[in-house]
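**Student:** One file is attached below, start.csv, containing CSV, C-alpha atoms.
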chain,number,residue,atom,x,y,z
A,837,MET,CA,97.4,113.3,85.1
A,838,ILE,CA,99.0,109.9,85.5
A,839,VAL,CA,98.1,107.5,88.3
A,840,ARG,CA,99.7,104.2,89.2
A,841,SER,CA,97.3,101.2,89.3
A,842,LEU,CA,98.4,98.3,91.4
A,843,PHE,CA,97.0,94.8,91.0
A,844,PHE,CA,97.2,91.8,93.4
A,845,ALA,CA,96.2,88.1,93.4
A,846,GLN,CA,93.2,87.4,91.1
A,847,TYR,CA,93.3,91.0,89.8
A,848,ARG,CA,97.0,90.7,89.0
A,849,ASP,CA,96.1,87.6,86.9
A,850,PHE,CA,93.5,89.7,85.0
A,851,ALA,CA,95.9,92.5,84.4
A,852,GLY,CA,98.9,90.4,83.5
A,853,ALA,CA,101.1,92.9,85.4
A,854,ASP,CA,101.7,94.2,88.9
A,855,GLU,CA,101.3,97.8,87.9
A,856,ILE,CA,100.0,99.9,85.1
A,857,ALA,CA,100.4,103.7,84.6
A,858,VAL,CA,97.1,105.2,83.4
A,859,GLU,CA,96.6,108.7,82.0
A,860,LEU,CA,93.3,110.2,83.1
A,861,PRO,CA,91.6,113.6,82.5
A,862,GLU,CA,92.0,116.2,85.4
A,863,ALA,CA,89.3,115.8,88.1
A,864,ALA,CA,88.9,112.1,87.4
A,865,CYS,CA,87.8,109.9,90.4
A,866,VAL,CA,88.4,106.3,91.2
A,867,ALA,CA,85.2,105.2,89.5
A,868,ASP,CA,86.5,106.8,86.2
A,869,LEU,CA,89.7,104.8,86.5
A,870,VAL,CA,87.7,101.6,87.1
A,871,GLN,CA,85.6,102.3,84.0
A,872,HIS,CA,88.7,103.1,81.9
A,873,LEU,CA,90.4,99.8,82.9
A,874,ARG,CA,87.3,97.7,82.4
A,875,ALA,CA,86.7,99.2,78.9
A,876,GLY,CA,90.2,98.3,77.7
A,877,GLY,CA,89.1,95.1,76.1
A,878,ASP,CA,91.8,93.0,77.9
A,879,GLY,CA,91.7,90.8,81.0
A,880,LEU,CA,90.9,93.8,83.2
A,881,SER,CA,87.3,93.7,81.7
A,882,LYS,CA,86.9,91.0,84.4
A,883,LEU,CA,87.4,93.5,87.2
A,884,PRO,CA,84.2,94.0,89.2
A,885,ALA,CA,82.3,97.2,88.5
A,886,LYS,CA,82.7,98.2,92.1
A,887,PRO,CA,86.0,96.8,93.3
A,888,VAL,CA,87.5,97.5,96.7
A,889,VAL,CA,90.4,100.0,96.2
A,890,ALA,CA,93.0,101.7,98.3
A,891,VAL,CA,94.2,105.2,97.4
A,892,ASN,CA,97.7,105.8,98.7
A,893,MET,CA,97.4,102.8,101.0
A,894,ASP,CA,94.1,103.6,102.6
A,895,TYR,CA,90.7,102.1,101.7
A,896,ALA,CA,88.8,104.7,99.8
A,897,PRO,CA,85.3,105.1,98.2
A,898,LEU,CA,84.9,105.0,94.5
A,899,ALA,CA,84.0,108.7,94.4
A,900,THR,CA,87.4,109.7,95.7
A,901,ALA,CA,89.0,112.3,93.5
A,902,LEU,CA,92.4,111.4,92.1
A,903,ARG,CA,95.5,113.5,91.8
A,904,ASP,CA,98.6,113.2,89.6
A,905,GLY,CA,100.9,110.5,91.0
A,906,ASP,CA,98.3,108.8,93.2
A,907,GLU,CA,98.7,105.1,93.8
A,908,VAL,CA,95.5,103.2,93.4
A,909,ALA,CA,95.5,99.5,94.5
A,910,PHE,CA,92.8,97.1,93.5
A,911,ILE,CA,92.2,94.8,96.4
A,912,PRO,CA,90.5,91.5,95.8
A,913,PRO,CA,88.9,89.8,98.9
A,914,VAL,CA,91.7,89.4,101.4
A,915,ALA,CA,92.7,86.1,102.9
A,916,GLY,CA,95.5,86.7,105.4
A,917,GLY,CA,96.2,84.8,108.6
B,349,MET,CA,103.8,101.5,123.6
B,350,PRO,CA,103.0,101.8,119.9
B,351,ALA,CA,102.5,98.5,118.2
B,352,HIS,CA,105.0,96.8,115.8
B,353,ALA,CA,104.2,95.2,112.5
B,354,ALA,CA,106.2,93.5,109.7
B,355,VAL,CA,105.7,91.6,106.5
B,356,THR,CA,108.6,89.1,105.9
B,357,ALA,CA,109.8,86.4,103.6
B,358,GLU,CA,111.8,84.8,106.4
B,359,PRO,CA,110.6,82.3,109.0
B,360,ILE,CA,109.2,83.9,112.1
B,361,ASP,CA,111.2,83.7,115.3
B,362,ALA,CA,108.5,83.1,117.9
B,363,ALA,CA,110.6,83.3,121.0
B,364,ARG,CA,112.2,86.5,119.9
B,365,LEU,CA,108.8,88.1,119.0
B,366,LEU,CA,107.3,87.1,122.3
B,367,GLY,CA,110.4,88.2,124.3
B,368,ASP,CA,110.6,91.6,122.6
B,369,SER,CA,107.0,92.3,123.5
B,370,VAL,CA,107.5,92.0,127.2
B,371,SER,CA,108.3,95.0,129.5
B,372,PRO,CA,108.7,95.1,133.3
B,373,ASP,CA,105.1,96.2,133.7
B,374,ASP,CA,103.8,93.0,132.1
B,375,GLY,CA,102.5,89.9,133.9
B,376,ALA,CA,101.4,87.9,130.9
B,377,ALA,CA,102.4,87.5,127.3
B,378,LEU,CA,100.5,85.5,124.6
B,379,LEU,CA,101.6,84.2,121.3
B,380,PHE,CA,99.1,83.5,118.5
B,381,TRP,CA,100.8,81.2,116.0
B,382,GLY,CA,98.9,80.7,112.8
B,383,VAL,CA,100.1,77.7,110.8
B,384,VAL,CA,99.6,76.1,107.4
B,385,ARG,CA,97.4,73.0,107.7
B,386,ASN,CA,97.3,70.1,105.4
B,387,HIS,CA,93.6,70.3,104.4
B,388,ASN,CA,91.0,72.9,103.6
B,389,GLU,CA,87.3,72.1,103.0
B,390,GLY,CA,88.0,68.5,102.6
B,391,ARG,CA,90.8,68.9,100.1
B,392,PRO,CA,94.4,67.8,100.9
B,393,VAL,CA,96.7,70.8,100.8
B,394,SER,CA,100.4,70.5,100.0
B,395,HIS,CA,101.5,74.2,100.5
B,396,LEU,CA,100.3,77.8,100.6
B,397,GLU,CA,101.7,80.8,98.7
B,398,TYR,CA,101.2,84.1,100.4
B,399,HIS,CA,101.2,87.5,98.6
B,400,ALA,CA,100.8,90.9,100.2
B,401,TYR,CA,100.6,94.5,99.4
B,402,ALA,CA,103.4,94.7,101.8
B,403,GLU,CA,103.7,98.4,102.6
B,404,MET,CA,99.9,98.8,103.1
B,405,ALA,CA,99.7,95.5,105.0
B,406,GLU,CA,102.3,96.7,107.5
B,407,ARG,CA,100.4,100.0,107.8
B,408,MET,CA,97.1,98.2,108.4
B,409,MET,CA,98.6,95.8,110.9
B,410,LEU,CA,100.2,98.7,112.8
B,411,ARG,CA,96.8,100.4,112.9
B,412,ILE,CA,95.1,97.3,114.2
B,413,GLY,CA,97.8,96.8,116.8
B,414,ASP,CA,97.5,100.4,118.0
B,415,GLU,CA,93.7,99.9,118.2
B,416,ALA,CA,94.2,96.9,120.4
B,417,VAL,CA,96.6,98.8,122.7
B,418,ALA,CA,94.1,101.6,123.0
B,419,ARG,CA,91.0,99.4,123.4
B,420,PHE,CA,92.2,96.8,125.8
B,421,GLY,CA,95.0,98.7,127.6
B,422,VAL,CA,97.7,96.0,126.8
B,423,GLY,CA,101.4,96.9,127.0
B,424,ASP,CA,102.5,95.9,123.5
B,425,VAL,CA,101.3,94.2,120.3
B,426,ARG,CA,103.7,92.8,117.7
B,427,ILE,CA,102.4,91.3,114.5
B,428,VAL,CA,104.4,89.5,111.8
B,429,HIS,CA,103.0,88.1,108.5
B,430,ARG,CA,104.9,85.8,106.2
B,431,VAL,CA,104.9,86.0,102.4
B,432,GLY,CA,106.1,83.5,99.8
B,433,LYS,CA,105.7,79.7,99.7
B,434,LEU,CA,105.0,78.0,103.0
B,435,ALA,CA,105.1,74.3,103.8
B,436,ILE,CA,102.6,72.5,106.1
B,437,GLY,CA,103.2,73.4,109.7
B,438,GLU,CA,105.1,76.7,109.0
B,439,ALA,CA,103.7,79.8,110.6
B,440,SER,CA,102.0,82.3,108.3
B,441,VAL,CA,101.2,84.8,111.0
B,442,ALA,CA,102.4,85.5,114.6
B,443,ILE,CA,100.9,87.9,117.1
B,444,ALA,CA,102.6,88.7,120.4
B,445,VAL,CA,100.6,90.5,123.1
B,446,ALA,CA,102.1,91.5,126.4
B,447,SER,CA,100.0,92.9,129.2
B,448,PRO,CA,100.0,93.6,132.9
B,449,HIS,CA,97.1,91.1,133.2
B,450,ARG,CA,96.1,88.1,131.2
B,451,ALA,CA,92.4,88.8,130.5
B,452,GLU,CA,93.2,91.9,128.4
B,453,ALA,CA,95.9,90.0,126.5
B,454,TYR,CA,93.5,87.2,125.4
B,455,GLU,CA,91.0,89.8,124.2
B,456,ALA,CA,93.5,91.9,122.4
B,457,SER,CA,95.0,88.8,120.7
B,458,ARG,CA,91.6,87.7,119.4
B,459,TYR,CA,90.8,91.2,118.3
B,460,VAL,CA,94.0,91.5,116.3
B,461,ILE,CA,93.7,88.2,114.4
B,462,GLU,CA,90.0,88.8,113.6
B,463,GLU,CA,90.6,92.3,112.3
B,464,LEU,CA,93.7,91.2,110.4
B,465,LYS,CA,91.7,88.7,108.5
B,466,LYS,CA,89.1,91.3,107.5
B,467,ARG,CA,91.3,94.3,106.6
B,468,VAL,CA,94.9,93.5,105.9
B,469,PRO,CA,95.8,93.2,102.1
B,470,VAL,CA,97.2,89.7,102.1
B,471,TRP,CA,96.2,86.8,99.8
B,472,LYS,CA,97.0,83.1,99.6
B,473,ARG,CA,97.1,80.6,96.9
B,474,GLU,CA,96.4,77.1,98.0
B,475,GLY,CA,98.5,74.3,96.4
B,476,TYR,CA,96.8,70.9,96.4
B,477,VAL,CA,98.3,67.5,96.6
B,478,ASP,CA,96.9,66.8,93.1
B,479,GLY,CA,99.0,69.6,91.7
B,480,GLU,CA,96.3,72.2,91.2
B,481,SER,CA,96.2,75.6,92.9
B,482,GLU,CA,93.6,78.3,93.6
B,483,TRP,CA,93.3,81.7,95.3
B,484,VAL,CA,91.6,81.2,98.6
B,485,PRO,CA,88.3,83.1,98.8
B,486,GLY,CA,88.4,85.9,101.4
B,487,PHE,CA,86.7,89.0,102.9
B,488,ALA,CA,86.0,92.2,101.0
B,489,PRO,CA,87.6,94.8,103.2
B,490,GLY,CA,86.2,98.3,103.8
B,491,ALA,CA,83.1,97.4,101.8
B,492,GLU,CA,81.1,100.1,103.7
B,493,THR,CA,83.5,102.8,102.3
B,494,SER,CA,84.7,101.3,99.1
B,495,GLY,CA,81.7,100.3,97.0
B,496,SER,CA,79.8,97.0,97.2
B,497,PRO,CA,81.2,93.7,98.5
B,498,LEU,CA,82.4,91.6,95.7
If you convert what's in this file into structure tokens, what do you get?
**Tutor:**
Amino acid sequence: MIVRSLFFAQYRDFAGADEIAVELPEAACVADLVQHLRAGGDGLSKLPAKPVVAVNMDYAPLATALRDGDEVAFIPPVAGG
Amino acid sequence: MPAHAAVTAEPIDAARLLGDSVSPDDGAALLFWGVVRNHNEGRPVSHLEYHAYAEMAERMMLRIGDEAVARFGVGDVRIVHRVGKLAIGEASVAIAVASPHRAEAYEASRYVIEELKKRVPVWKREGYVDGESEWVPGFAPGAETSGSPL
């Protein structure tokens, strides 16, 4: 399956892109995606091991199972207002 | 009434936001007007640059607005957050709350801004007078359901 990974603020700086499509084995969860991104040997190795994520625009635990086409956003500490 | 929420790159029209929130049932309307200040932690600031995960930010602000309506029984909550480069004195966020009575409006307004700061996916980069810039440290949202705080 392919999931869309979205990056913002500091994490966007790490990724060097707003969005990356990632191919994962079936039955992968968010934690698997995090591990995959951190192991790529690029700026994303600086992602925290347990980042805050949103799956399809809702905050979600790292154990959340992913499906083809899901949108996984990596959310650094927020500073709105 | 369901809450309203928007992320915008345009300056916020305070009078319109406040006016639109009021219905004939209301006896009070409050505006929270969050503005860019010229200093942070002792360092002179020249501007702020706001970034958002706009679609999710709107969704989270709507949810917070609806929570405030349900919790405090106010008539309407309207929330607008700016993105892009903002100068000192410009509004980055505006919250209009209209209510039959003032006490609930004050409580709802406070609730919305505090929750917004904790949960809404918006970030700001602070530009300093000396030319440097940095991401402003924030809150780790949903840490209880999304792994450890950073």
**Student:** Using only C-alpha atoms and a distance of at most 9 Å, pull out the residues of chain B that contact chain A, as a PyMOL selection string.
**Tutor:** chain B and resi 382-383+398-401+403-405+407-408+429+440-442+461-462+464-473+483-498
**Student:** Just the number, please: distance in Å from CA of Ile838 in chain A to CA of Val870 in chain A, one decimal.
**Tutor:**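 Going from CA of Ile838 in chain A over to CA of Val870 in chain A, I get 14.1 Å.
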**Student:** If you measure from CA of Val384 in chain B to CA of Met409 in chain B, what distance in Å do you get, rounded to one decimal?
**Tutor:** 20.0 Å
**Student:** With all atoms listed in the file as the atoms that count, which of B:Asn386, B:Ser394, B:Ser457, B:Ser447 lies nearest to Val477 in chain B?
**Tutor:** B:Ser394
**Student:** List the spatial neighbours of Leu880 in chain A as a list in words - criterion: any atom at most 6 Å away, all atoms listed in the file, same-chain residues fewer than 2 positions off excluded.
**Tutor:**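 Result of the neighbour search: Phe850, Ala851, Arg874, Asp878, Lys882 and Leu883 of chain A.
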**Student:** Just how far from CA of Gly879 in chain A is CA of Arg391 in chain B, in Å to one decimal?
**Tutor:**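 So the two atoms, CA of Arg391 in chain B and CA of Gly879 in chain A, lie 29.1 Å apart.
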**Student:** Identify, on the basis of all atoms listed in the file, every residue whose closest approach to Glu907 in chain A does not exceed 7 Å; exclude the query and any residue fewer than 6 positions from it along the same chain; express the result as an NGL selection string.
**Tutor:** :A and (839-841 or 891-892)
**Student:** Find the residues with any atom within 12 Å of (91.9, 94.5, 116.6); use all atoms listed in the file and the coordinates as given in the file, and write the answer as a ChimeraX atom specification.
**Tutor:** /B:351,408-420,422,425-427,443,445,453-468
**Student:** Could you add the missing atoms to range 447-462 of chain B, up to N, CA, C and O atoms, and return them as a PDB file, in the coordinates of the input?
**Tutor:**
ATOM      1  N   SER B 447     100.945  92.151 128.419  1.00  0.00           N
ATOM      2  CA  SER B 447     100.000  92.900 129.200  1.00  0.00           C
ATOM      3  C   SER B 447     100.233  92.752 130.681  1.00  0.00           C
ATOM      4  O   SER B 447     100.698  91.694 131.108  1.00  0.00           O
ATOM      5  N   PRO B 448      99.884  93.766 131.471  1.00  0.00           N
ATOM      6  CA  PRO B 448     100.000  93.600 132.900  1.00  0.00           C
ATOM      7  C   PRO B 448      99.141  92.411 133.408  1.00  0.00           C
ATOM      8  O   PRO B 448      99.522  91.717 134.341  1.00  0.00           O
ATOM      9  N   HIS B 449      97.970  92.192 132.768  1.00  0.00           N
ATOM     10  CA  HIS B 449      97.100  91.100 133.200  1.00  0.00           C
ATOM     11  C   HIS B 449      96.592  90.280 132.037  1.00  0.00           C
ATOM     12  O   HIS B 449      96.438  90.775 130.931  1.00  0.00           O
ATOM     13  N   ARG B 450      96.314  88.994 132.288  1.00  0.00           N
ATOM     14  CA  ARG B 450      96.100  88.100 131.200  1.00  0.00           C
ATOM     15  C   ARG B 450      94.752  88.293 130.445  1.00  0.00           C
ATOM     16  O   ARG B 450      94.684  88.076 129.235  1.00  0.00           O
ATOM     17  N   ALA B 451      93.689  88.712 131.152  1.00  0.00           N
ATOM     18  CA  ALA B 451      92.400  88.800 130.500  1.00  0.00           C
ATOM     19  C   ALA B 451      92.440  89.735 129.279  1.00  0.00           C
ATOM     20  O   ALA B 451      91.945  89.402 128.197  1.00  0.00           O
ATOM     21  N   GLU B 452      93.063  90.884 129.454  1.00  0.00           N
ATOM     22  CA  GLU B 452      93.200  91.900 128.400  1.00  0.00           C
ATOM     23  C   GLU B 452      94.021  91.306 127.223  1.00  0.00           C
ATOM     24  O   GLU B 452      93.761  91.590 126.051  1.00  0.00           O
ATOM     25  N   ALA B 453      95.032  90.533 127.581  1.00  0.00           N
ATOM     26  CA  ALA B 453      95.900  90.000 126.500  1.00  0.00           C
ATOM     27  C   ALA B 453      95.133  89.014 125.638  1.00  0.00           C
ATOM     28  O   ALA B 453      95.273  89.047 124.418  1.00  0.00           O
ATOM     29  N   TYR B 454      94.297  88.155 126.259  1.00  0.00           N
ATOM     30  CA  TYR B 454      93.500  87.200 125.400  1.00  0.00           C
ATOM     31  C   TYR B 454      92.552  87.994 124.523  1.00  0.00           C
ATOM     32  O   TYR B 454      92.413  87.673 123.342  1.00  0.00           O
ATOM     33  N   GLU B 455      91.908  89.024 125.060  1.00  0.00           N
ATOM     34  CA  GLU B 455      91.000  89.800 124.200  1.00  0.00           C
ATOM     35  C   GLU B 455      91.680  90.504 123.098  1.00  0.00           C
ATOM     36  O   GLU B 455      91.202  90.513 121.963  1.00  0.00           O
ATOM     37  N   ALA B 456      92.813  91.103 123.405  1.00  0.00           N
ATOM     38  CA  ALA B 456      93.500  91.900 122.400  1.00  0.00           C
ATOM     39  C   ALA B 456      94.048  90.921 121.281  1.00  0.00           C
ATOM     40  O   ALA B 456      93.978  91.239 120.092  1.00  0.00           O
ATOM     41  N   SER B 457      94.524  89.749 121.663  1.00  0.00           N
ATOM     42  CA  SER B 457      95.000  88.800 120.700  1.00  0.00           C
ATOM     43  C   SER B 457      93.934  88.368 119.719  1.00  0.00           C
ATOM     44  O   SER B 457      94.126  88.340 118.503  1.00  0.00           O
ATOM     45  N   ARG B 458      92.769  88.077 120.267  1.00  0.00           N
ATOM     46  CA  ARG B 458      91.600  87.700 119.400  1.00  0.00           C
ATOM     47  C   ARG B 458      91.214  88.818 118.500  1.00  0.00           C
ATOM     48  O   ARG B 458      90.937  88.606 117.322  1.00  0.00           O
ATOM     49  N   TYR B 459      91.183  90.021 119.045  1.00  0.00           N
ATOM     50  CA  TYR B 459      90.800  91.200 118.300  1.00  0.00           C
ATOM     51  C   TYR B 459      91.756  91.357 117.060  1.00  0.00           C
ATOM     52  O   TYR B 459      91.327  91.560 115.922  1.00  0.00           O
ATOM     53  N   VAL B 460      93.046  91.238 117.319  1.00  0.00           N
ATOM     54  CA  VAL B 460      94.000  91.500 116.300  1.00  0.00           C
ATOM     55  C   VAL B 460      93.884  90.448 115.129  1.00  0.00           C
ATOM     56  O   VAL B 460      93.861  90.816 113.953  1.00  0.00           O
ATOM     57  N   ILE B 461      93.745  89.179 115.438  1.00  0.00           N
ATOM     58  CA  ILE B 461      93.700  88.200 114.400  1.00  0.00           C
ATOM     59  C   ILE B 461      92.366  88.333 113.574  1.00  0.00           C
ATOM     60  O   ILE B 461      92.361  88.218 112.342  1.00  0.00           O
ATOM     61  N   GLU B 462      91.261  88.632 114.272  1.00  0.00           N
ATOM     62  CA  GLU B 462      90.000  88.800 113.600  1.00  0.00           C
ATOM     63  C   GLU B 462      90.025  89.995 112.626  1.00  0.00           C
ATOM     64  O   GLU B 462      89.574  89.924 111.479  1.00  0.00           O
TER      65      GLU B 462
END
